[in-house]
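Visitor: Okay, so here is upload14.cif, and as you'll see once you scroll down, it has mmCIF, C-alpha atoms, pLDDT in the B column; chains and numbers go by the auth columns.
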data_input
#
loop_
_atom_site.group_PDB
_atom_site.id
_atom_site.type_symbol
_atom_site.label_atom_id
_atom_site.label_comp_id
_atom_site.label_asym_id
_atom_site.label_seq_id
_atom_site.Cartn_x
_atom_site.Cartn_y
_atom_site.Cartn_z
_atom_site.B_iso_or_equiv
_atom_site.auth_seq_id
_atom_site.auth_asym_id
ATOM 1 C CA MET A 1 106.940 139.107 96.304 90.00 1 A
ATOM 2 C CA ILE A 2 103.762 137.134 96.963 93.00 2 A
ATOM 3 C CA ARG A 3 102.617 139.683 99.530 93.00 3 A
ATOM 4 C CA GLU A 4 103.320 142.584 97.144 94.00 4 A
ATOM 5 C CA SER A 5 101.608 141.024 94.143 94.00 5 A
ATOM 6 C CA GLN A 6 98.443 142.663 92.798 94.00 6 A
ATOM 7 C CA ASN A 7 97.101 139.315 91.554 95.00 7 A
ATOM 8 C CA GLU A 8 95.237 136.589 93.415 96.00 8 A
ATOM 9 C CA TRP A 9 96.998 133.725 91.602 96.00 9 A
ATOM 10 C CA ILE A 10 100.803 133.791 91.329 96.00 10 A
ATOM 11 C CA ALA A 11 102.687 131.277 89.182 96.00 11 A
ATOM 12 C CA SER A 12 106.106 130.263 90.490 95.00 12 A
ATOM 13 C CA PHE A 13 109.137 128.874 88.643 96.00 13 A
ATOM 14 C CA ASP A 14 112.870 128.624 89.299 93.00 14 A
ATOM 15 C CA ASP A 15 115.423 130.185 86.991 92.00 15 A
ATOM 16 C CA ASP A 16 115.960 126.693 85.536 92.00 16 A
ATOM 17 C CA SER A 17 112.333 125.553 85.271 95.00 17 A
ATOM 18 C CA PHE A 18 109.650 126.351 82.708 95.00 18 A
ATOM 19 C CA PRO A 19 106.236 125.121 81.466 96.00 19 A
ATOM 20 C CA VAL A 20 106.273 122.175 79.054 94.00 20 A
ATOM 21 C CA SER A 21 103.062 123.009 77.174 93.00 21 A
ATOM 22 C CA PRO A 22 102.582 126.297 75.256 95.00 22 A
ATOM 23 C CA ASP A 23 99.016 126.494 76.609 97.00 23 A
ATOM 24 C CA TYR A 24 100.162 126.033 80.221 97.00 24 A
ATOM 25 C CA PHE A 25 98.579 129.253 81.453 97.00 25 A
ATOM 26 C CA SER A 26 95.202 128.598 79.832 97.00 26 A
ATOM 27 C CA ARG A 27 95.226 125.171 81.480 97.00 27 A
ATOM 28 C CA LEU A 28 96.169 126.867 84.732 97.00 28 A
ATOM 29 C CA ALA A 29 93.192 129.215 84.433 96.00 29 A
ATOM 30 C CA GLU A 30 90.946 126.160 84.036 97.00 30 A
ATOM 31 C CA ALA A 31 92.524 124.625 87.140 97.00 31 A
ATOM 32 C CA PHE A 32 91.626 127.776 89.112 95.00 32 A
ATOM 33 C CA GLN A 33 88.015 127.298 88.099 96.00 33 A
ATOM 34 C CA ARG A 34 88.043 123.628 89.104 97.00 34 A
ATOM 35 C CA HIS A 35 89.681 124.323 92.478 97.00 35 A
ATOM 36 C CA PRO A 36 88.945 127.894 93.612 96.00 36 A
ATOM 37 C CA GLU A 37 89.426 126.805 97.229 97.00 37 A
ATOM 38 C CA ALA A 38 93.017 125.621 96.665 98.00 38 A
ATOM 39 C CA GLY A 39 95.856 127.355 98.438 98.00 39 A
ATOM 40 C CA VAL A 40 98.367 126.019 95.913 98.00 40 A
ATOM 41 C CA ILE A 41 97.985 124.407 92.481 98.00 41 A
ATOM 42 C CA ALA A 42 100.859 121.945 92.075 96.00 42 A
ATOM 43 C CA SER A 43 102.207 121.054 88.648 95.00 43 A
ATOM 44 C CA ILE A 44 103.871 117.783 87.682 94.00 44 A
ATOM 45 C CA VAL A 45 107.605 118.546 87.740 92.00 45 A
ATOM 46 C CA ARG A 46 109.755 116.625 85.267 90.00 46 A
ATOM 47 C CA HIS A 47 113.534 116.305 85.484 83.00 47 A
ATOM 48 C CA ARG A 48 116.385 115.262 83.218 82.00 48 A
ATOM 49 C CA ASP A 49 116.511 112.032 85.185 73.00 49 A
ATOM 50 C CA PRO A 50 112.948 110.667 85.454 70.00 50 A
ATOM 51 C CA ARG A 51 113.883 108.870 88.672 66.00 51 A
ATOM 52 C CA HIS A 52 113.515 112.236 90.402 61.00 52 A
ATOM 53 C CA ASP A 53 109.955 112.723 89.125 65.00 53 A
ATOM 54 C CA ALA A 54 107.048 112.523 91.541 67.00 54 A
ATOM 55 C CA PRO A 55 104.364 109.962 90.635 63.00 55 A
ATOM 56 C CA SER A 56 101.207 111.177 88.909 65.00 56 A
ATOM 57 C CA SER A 57 97.770 109.610 89.254 67.00 57 A
ATOM 58 C CA GLY A 58 96.549 111.075 85.929 79.00 58 A
ATOM 59 C CA VAL A 59 93.692 112.964 87.607 90.00 59 A
ATOM 60 C CA ASP A 60 93.456 116.036 89.797 94.00 60 A
ATOM 61 C CA ARG A 61 94.029 115.086 93.415 94.00 61 A
ATOM 62 C CA GLU A 62 94.626 116.636 96.792 95.00 62 A
ATOM 63 C CA VAL A 63 98.235 116.283 97.901 95.00 63 A
ATOM 64 C CA ALA A 64 100.134 117.109 101.058 95.00 64 A
ATOM 65 C CA SER A 65 102.846 119.303 99.552 94.00 65 A
ATOM 66 C CA PHE A 66 104.248 120.695 96.301 95.00 66 A
ATOM 67 C CA ILE A 67 107.478 121.700 94.553 93.00 67 A
ATOM 68 C CA GLY A 68 108.094 125.442 94.409 93.00 68 A
ATOM 69 C CA CYS A 69 109.718 125.430 90.949 93.00 69 A
ATOM 70 C CA GLY A 70 106.365 124.486 89.413 95.00 70 A
ATOM 71 C CA CYS A 71 103.364 125.707 91.344 97.00 71 A
ATOM 72 C CA THR A 72 100.839 128.534 91.637 97.00 72 A
ATOM 73 C CA TYR A 73 99.906 130.244 94.895 98.00 73 A
ATOM 74 C CA ARG A 74 96.577 131.793 95.849 97.00 74 A
ATOM 75 C CA LYS A 75 97.586 135.007 97.569 97.00 75 A
ATOM 76 C CA SER A 76 94.632 135.231 99.957 97.00 76 A
ATOM 77 C CA ALA A 77 95.405 131.697 101.193 97.00 77 A
ATOM 78 C CA TYR A 78 99.103 132.471 101.577 97.00 78 A
ATOM 79 C CA LEU A 79 98.256 135.510 103.698 97.00 79 A
ATOM 80 C CA GLN A 80 96.436 133.260 106.159 97.00 80 A
ATOM 81 C CA THR A 81 99.803 131.718 107.048 97.00 81 A
ATOM 82 C CA SER A 82 102.978 133.242 108.446 95.00 82 A
ATOM 83 C CA GLY A 83 104.560 132.594 105.051 95.00 83 A
ATOM 84 C CA TYR A 84 108.031 131.308 104.330 96.00 84 A
ATOM 85 C CA VAL A 85 110.754 131.407 106.954 96.00 85 A
ATOM 86 C CA PRO A 86 113.577 133.619 105.577 94.00 86 A
ATOM 87 C CA LEU A 87 116.342 131.019 105.233 95.00 87 A
ATOM 88 C CA PRO A 88 119.528 131.287 103.120 93.00 88 A
ATOM 89 C CA VAL A 89 119.250 127.532 102.444 93.00 89 A
ATOM 90 C CA ALA A 90 115.604 126.471 102.577 93.00 90 A
ATOM 91 C CA TYR A 91 115.734 122.833 101.411 91.00 91 A
ATOM 92 C CA GLY A 92 113.596 120.573 103.582 90.00 92 A
ATOM 93 C CA MET A 93 111.712 123.483 105.095 95.00 93 A
ATOM 94 C CA GLU A 94 110.033 125.955 102.737 93.00 94 A
ATOM 95 C CA GLU A 95 107.323 124.051 100.830 95.00 95 A
ATOM 96 C CA ILE A 96 106.584 121.489 103.528 96.00 96 A
ATOM 97 C CA ASP A 97 106.323 124.192 106.190 97.00 97 A
ATOM 98 C CA LEU A 98 103.909 126.276 104.121 97.00 98 A
ATOM 99 C CA ALA A 99 101.913 123.159 103.247 97.00 99 A
ATOM 100 C CA LEU A 100 101.569 122.285 106.931 97.00 100 A
ATOM 101 C CA GLN A 101 100.384 125.808 107.722 97.00 101 A
ATOM 102 C CA LEU A 102 97.804 125.633 104.917 98.00 102 A
ATOM 103 C CA HIS A 103 96.649 122.255 106.225 97.00 103 A
ATOM 104 C CA GLU A 104 96.089 123.792 109.639 97.00 104 A
ATOM 105 C CA GLN A 105 93.793 126.348 107.975 96.00 105 A
ATOM 106 C CA ALA A 106 91.950 123.538 106.100 97.00 106 A
ATOM 107 C CA ILE A 107 93.157 124.989 102.786 98.00 107 A
ATOM 108 C CA PRO A 108 93.902 122.174 100.302 97.00 108 A
ATOM 109 C CA ILE A 109 96.681 121.771 97.740 97.00 109 A
ATOM 110 C CA PHE A 110 95.703 120.221 94.408 97.00 110 A
ATOM 111 C CA GLU A 111 98.018 118.553 91.924 95.00 111 A
ATOM 112 C CA CYS A 112 96.872 118.807 88.293 96.00 112 A
ATOM 113 C CA PRO A 113 98.486 116.332 85.853 93.00 113 A
ATOM 114 C CA ASP A 114 97.738 118.473 82.785 94.00 114 A
ATOM 115 C CA LEU A 115 100.151 121.083 84.154 96.00 115 A
ATOM 116 C CA GLU A 116 103.743 120.031 83.504 95.00 116 A
ATOM 117 C CA VAL A 117 106.938 121.911 84.318 95.00 117 A
ATOM 118 C CA PHE A 118 110.431 120.853 83.272 95.00 118 A
ATOM 119 C CA HIS A 119 113.189 121.415 85.824 91.00 119 A
ATOM 120 C CA ASP A 120 116.342 121.635 83.725 90.00 120 A
ATOM 121 C CA THR A 121 118.906 120.423 86.246 83.00 121 A
ATOM 122 C CA ASP A 122 120.769 117.237 87.125 73.00 122 A
ATOM 123 C CA LEU A 123 120.406 118.081 90.845 66.00 123 A
ATOM 124 C CA ASP A 124 124.129 117.625 91.466 67.00 124 A
ATOM 125 C CA HIS A 125 124.126 120.750 93.632 65.00 125 A
ATOM 126 C CA HIS A 126 122.145 118.836 96.250 64.00 126 A
ATOM 127 C CA HIS A 127 125.337 116.972 97.126 76.00 127 A
ATOM 128 C CA SER A 128 127.152 120.143 98.217 91.00 128 A
ATOM 129 C CA PRO A 129 128.099 120.373 101.934 94.00 129 A
ATOM 130 C CA ARG A 130 126.213 123.669 102.242 94.00 130 A
ATOM 131 C CA ILE A 131 122.912 122.182 101.101 94.00 131 A
ATOM 132 C CA THR A 132 123.418 118.953 103.040 95.00 132 A
ATOM 133 C CA ALA A 133 124.074 120.934 106.214 97.00 133 A
ATOM 134 C CA GLY A 134 121.096 123.220 105.560 96.00 134 A
ATOM 135 C CA SER A 135 118.689 120.349 104.974 95.00 135 A
ATOM 136 C CA ILE A 136 119.741 118.678 108.248 97.00 136 A
ATOM 137 C CA MET A 137 119.387 121.917 110.188 98.00 137 A
ATOM 138 C CA ASN A 138 115.985 122.557 108.597 97.00 138 A
ATOM 139 C CA GLN A 139 114.777 119.071 109.529 97.00 139 A
ATOM 140 C CA ALA A 140 115.192 120.091 113.153 98.00 140 A
ATOM 141 C CA LEU A 141 113.863 123.604 112.527 98.00 141 A
ATOM 142 C CA LEU A 142 110.575 122.392 111.108 98.00 142 A
ATOM 143 C CA ALA A 143 109.954 120.286 114.206 97.00 143 A
ATOM 144 C CA TRP A 144 111.017 123.112 116.514 97.00 144 A
ATOM 145 C CA LEU A 145 108.759 125.703 114.862 97.00 145 A
ATOM 146 C CA ARG A 146 105.660 123.619 114.088 97.00 146 A
ATOM 147 C CA TYR A 147 105.516 120.529 116.305 97.00 147 A
ATOM 148 C CA PRO A 148 103.698 120.593 119.654 96.00 148 A
ATOM 149 C CA VAL A 149 105.822 119.702 122.676 96.00 149 A
ATOM 150 C CA SER A 150 104.435 116.139 122.732 94.00 150 A
ATOM 151 C CA SER A 151 105.748 115.549 119.184 95.00 151 A
ATOM 152 C CA LEU A 152 109.228 117.032 119.637 96.00 152 A
ATOM 153 C CA PRO A 153 110.797 113.624 120.468 96.00 153 A
ATOM 154 C CA TYR A 154 109.469 112.406 117.117 94.00 154 A
ATOM 155 C CA GLY A 155 111.157 115.428 115.521 96.00 155 A
ATOM 156 C CA VAL A 156 114.460 114.474 117.149 97.00 156 A
ATOM 157 C CA LEU A 157 114.189 111.000 115.622 97.00 157 A
ATOM 158 C CA GLN A 158 113.525 112.520 112.211 96.00 158 A
ATOM 159 C CA TRP A 159 116.569 114.762 112.591 97.00 159 A
ATOM 160 C CA LEU A 160 118.769 111.798 113.547 97.00 160 A
ATOM 161 C CA ASN A 161 117.441 109.768 110.624 97.00 161 A
ATOM 162 C CA LYS A 162 118.098 112.679 108.270 96.00 162 A
ATOM 163 C CA ALA A 163 121.698 112.907 109.454 97.00 163 A
ATOM 164 C CA SER A 164 122.280 109.142 109.286 97.00 164 A
ATOM 165 C CA ASP A 165 120.759 108.983 105.794 95.00 165 A
ATOM 166 C CA ASN A 166 123.196 111.632 104.562 94.00 166 A
ATOM 167 C CA LEU A 167 126.104 109.774 106.180 96.00 167 A
ATOM 168 C CA ARG A 168 125.084 106.639 104.281 95.00 168 A
ATOM 169 C CA ARG A 169 125.199 108.712 101.099 93.00 169 A
ATOM 170 C CA GLY A 170 128.782 109.734 101.876 93.00 170 A
ATOM 171 C CA ARG A 171 127.974 113.395 102.575 94.00 171 A
ATOM 172 C CA TYR A 172 130.274 113.525 105.590 96.00 172 A
ATOM 173 C CA LEU A 173 131.363 117.177 105.640 96.00 173 A
ATOM 174 C CA GLY A 174 127.876 118.597 105.204 96.00 174 A
ATOM 175 C CA THR A 175 126.435 116.196 107.775 97.00 175 A
ATOM 176 C CA ILE A 176 128.987 117.133 110.447 97.00 176 A
ATOM 177 C CA ARG A 177 128.403 120.824 109.761 97.00 177 A
ATOM 178 C CA GLY A 178 124.650 120.392 109.941 97.00 178 A
ATOM 179 C CA ILE A 179 124.702 118.487 113.224 97.00 179 A
ATOM 180 C CA PHE A 180 126.915 120.988 115.033 98.00 180 A
ATOM 181 C CA ALA A 181 125.146 124.059 113.601 97.00 181 A
ATOM 182 C CA THR A 182 121.632 122.883 114.482 98.00 182 A
ATOM 183 C CA PRO A 183 121.458 124.344 118.031 98.00 183 A
ATOM 184 C CA PHE A 184 122.359 127.840 116.792 98.00 184 A
ATOM 185 C CA HIS A 185 119.928 127.439 113.875 98.00 185 A
ATOM 186 C CA LEU A 186 117.056 126.702 116.270 98.00 186 A
ATOM 187 C CA TRP A 187 118.022 129.568 118.579 98.00 187 A
ATOM 188 C CA LYS A 188 118.216 132.032 115.687 97.00 188 A
ATOM 189 C CA TYR A 189 114.620 131.397 114.606 97.00 189 A
ATOM 190 C CA ARG A 190 113.152 130.667 118.055 96.00 190 A
ATOM 191 C CA LYS A 191 110.782 133.651 117.964 96.00 191 A
ATOM 192 C CA LEU A 192 108.995 132.199 114.927 97.00 192 A
ATOM 193 C CA ARG A 193 107.818 129.116 116.814 97.00 193 A
ATOM 194 C CA LYS A 194 104.101 128.590 116.225 97.00 194 A
ATOM 195 C CA PRO A 195 103.243 124.909 116.702 97.00 195 A
ATOM 196 C CA VAL A 196 100.200 123.258 115.154 96.00 196 A
ATOM 197 C CA PRO A 197 97.899 121.020 117.221 96.00 197 A
ATOM 198 C CA HIS A 198 98.877 117.374 117.439 94.00 198 A
ATOM 199 C CA ALA A 199 95.736 116.306 115.548 95.00 199 A
ATOM 200 C CA ILE A 200 96.686 118.576 112.625 96.00 200 A
ATOM 201 C CA LEU A 201 100.207 117.177 112.502 95.00 201 A
ATOM 202 C CA ARG A 202 98.877 113.622 112.543 94.00 202 A
ATOM 203 C CA SER A 203 96.314 114.229 109.771 95.00 203 A
ATOM 204 C CA PHE A 204 98.958 115.976 107.681 96.00 204 A
ATOM 205 C CA ARG A 205 101.339 113.051 108.107 92.00 205 A
ATOM 206 C CA ASP A 206 98.535 110.696 107.032 93.00 206 A
ATOM 207 C CA LEU A 207 97.999 112.783 103.895 93.00 207 A
ATOM 208 C CA VAL A 208 101.728 112.633 103.117 90.00 208 A
ATOM 209 C CA HIS A 209 101.646 108.845 103.242 87.00 209 A
ATOM 210 C CA CYS A 210 98.387 108.559 101.292 82.00 210 A
ATOM 211 C CA ASP A 211 99.209 110.802 98.340 69.00 211 A
ATOM 212 C CA GLY A 212 102.428 108.969 97.462 58.00 212 A
ATOM 213 C CA ARG A 213 104.382 112.201 97.206 54.00 213 A
ATOM 214 C CA PRO A 214 107.058 112.290 99.920 43.00 214 A
ATOM 215 C CA SER A 215 107.385 116.097 99.807 45.00 215 A
ATOM 216 C CA ALA A 216 109.527 118.592 98.023 41.00 216 A
ATOM 217 C CA SER A 217 112.578 117.255 99.815 40.00 217 A
ATOM 218 C CA ARG A 218 112.572 114.321 97.358 41.00 218 A
ATOM 219 C CA GLU A 219 114.554 116.593 95.015 40.00 219 A
ATOM 220 C CA ALA A 220 117.508 116.397 97.402 43.00 220 A
ATOM 221 C CA GLY A 221 117.328 112.620 97.388 38.00 221 A
ATOM 222 C CA SER A 222 116.320 112.702 101.048 41.00 222 A
ATOM 223 C CA PRO A 223 113.659 110.922 103.069 40.00 223 A
ATOM 224 C CA SER A 224 110.349 112.597 103.743 47.00 224 A
ATOM 225 C CA ILE A 225 110.715 114.993 106.634 45.00 225 A
ATOM 226 C CA LEU A 226 107.462 113.668 108.071 55.00 226 A
ATOM 227 C CA SER A 227 108.545 110.044 107.904 49.00 227 A
ATOM 228 C CA PRO A 228 110.579 108.571 110.798 43.00 228 A
ATOM 229 C CA THR A 229 112.253 106.093 108.470 37.00 229 A
ATOM 230 C CA PRO A 230 114.461 107.154 105.537 35.00 230 A
ATOM 231 C CA ARG A 231 113.116 106.143 102.136 35.00 231 A
ATOM 232 C CA PRO A 232 115.380 104.183 99.788 31.00 232 A
#
Translate this file's structure into structure tokens.

Guide:
Amino acid sequence: MIRESQNEWIASFDDDSFPVSPDYFSRLAEAFQRHPEAGVIASIVRHRDPRHDAPSSGVDREVASFIGCGCTYRKSAYLQTSGYVPLPVAYGMEEIDLALQLHEQAIPIFECPDLEVFHDTDLDHHHSPRITAGSIMNQALLAWLRYPVSSLPYGVLQWLNKASDNLRRGRYLGTIRGIFATPFHLWKYRKLRKPVPHAILRSFRDLVHCDGRPSASREAGSPSILSPTPRP
């Protein structure tokens, strides 16, 4: 849909998310003017349970990633990447993968605190075995597709930490499924492998830690996929 759009800026929401302010789109137009170089304008996403909300600094800032249910893409920037990997369950892969590709192209992502989106969900679906399994498989897939060979051992550690974190949360069925399905998952998408240089991966990881936003995977109650240690 992004590739087929006739517009340069494309606002994105889920079927259960919507702008909080009635003047959201006029504010968005102002954000375009402030950050014409941005690849993505990230909104502040609010949830029923505020514990799921990402922190906001109160000012526009460059961030590592974004949440797809409340963001706006710049089409010309998106076309400089290979886009989203076509996954039936994309948790832990889609936004962070695109963000890493944009980072490789030196295209920034800006979060604007005057843009708020409400995500009308309690996130209970994140506990389902299907999503748990998919997020574990995608943890490995991100490393397999984007990490250079020298960083693949680090990706294995992240995958193991992802699985152990879900076991601690009592998601046994989904974790077992995810572990055993991972080899086939990597084989299925092997032709899409396009690793970034090690220096890019390192600078991206530094940005993740600096901006205080652990990535879109926070919605699943999971650790950052670029952090070797699960977050509480």

Visitor: Calculated over all atoms listed in the file, which of the candidates A:Arg202, A:Arg177, A:His209, A:Arg146 has the smallest distance to Tyr189 in chain A?

Guide: A:Arg146

Visitor: Using 5 Å of padding on each side, determine the axis-aligned box around all atoms of range 112-119 of chain A present in the file and give its centre and edge lengths in Å to one decimal, as AutoDock Vina command-line options.

Guide:
--center_x 105.0 --center_y 119.1 --center_z 85.5 --size_x 26.3 --size_y 15.6 --size_z 15.5

Visitor: For the PyMOL selection byres ((chain A and resi 134) around 8), applied here, can you spell out every residue it catches as a ChimeraX atom specification?

Guide: /A:89-91,130-133,135-138,178

Visitor: Ranking A:Lys75, A:Phe25, A:Arg171, A:Pro183 by minimum distance to Asn7 in chain A and counting all atoms listed in the file, which one comes first?

Guide: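 Selected residue with least distance to Asn7 in chain A: A:Lys75.
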
Visitor: How many Å separate CA of Glu116 in chain A from CA of Tyr24 in chain A?

Guide: 7.7 Å

Visitor: As a check of understanding, name the residues that the PyMOL selection byres ((chain A and resi 15) around 12) selects in the supplied structure, as an MDAnalysis selection string.

Guide: chainID A and resid 12:14 16:19 68:70 118:121

Visitor: Using all atoms listed in the file, which residue out of A:Met93, A:Trp144, A:Glu62, A:Ser43 lies closest to Trp187 in chain A?

Guide: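 The shortest atom-to-atom distance to Trp187 in chain A comes from A:Trp144.
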
Visitor: So which one's closest to Cys71 in chain A, A:Ala11, A:Leu160, A:Ala31, A:Val59? Using all atoms listed in the file, please.

Guide: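 For Cys71 in chain A, the nearest of the candidates is A:Ala11.
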
Visitor: Give me the result of the PyMOL selection byres ((chain A and resi 197) around 12) on this file, residue by residue, as a list in words.

Guide: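 Applying the expression gives Leu100, Gln101, His103, Glu104, Gln105, Arg146, Tyr147, Pro148, Val149, Ser150, Ser151, Lys194, Pro195, Val196, His198, Ala199, Ile200, Leu201, Arg202, Ser203 and Phe204 of chain A.
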
Visitor: If we count all atoms listed in the file, what is near Glu95 in chain A at a cut-off of 7 Å, once residues fewer than 6 positions away on the same chain are taken out, given as a VMD selection string?

Guide: chain A and resid 65 to 68 216

Visitor: Kindly indicate which residue among A:Pro86, A:Gly92, A:Glu37, A:Leu192 lies nearest to Lys162 in chain A, using only C-alpha atoms for the distances.

Guide: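 The answer is A:Gly92, which sits nearest to Lys162 in chain A.
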
Visitor: CA of Gly39 in chain A and CA of Leu186 in chain A are how many Å apart?

Guide: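 So the answer is 27.7 Å.
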
Visitor: Between CA of Ala64 in chain A and CA of Leu207 in chain A, what distance in Å does the model show, to one decimal?

Guide: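 Answer for the CA of Ala64 in chain A to CA of Leu207 in chain A separation: 5.6 Å.
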
Visitor: Just checking: using only C-alpha atoms, which residue out of A:Cys112, A:Val45, A:Asp206, A:Ala143 ends up closest to Gly58 in chain A?

Guide: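 When distances to Gly58 in chain A are compared using only C-alpha atoms, the smallest one comes from A:Cys112.
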
Visitor: Show me, as JSON, numbers by chain, the residues that have an atom within 8 Å of Ile44 in chain A when counting only C-alpha atoms, minus same-chain residues fewer than 5 positions from it.

Guide: {"A": [54, 56, 70, 111, 112, 113, 114, 115, 116, 117]}
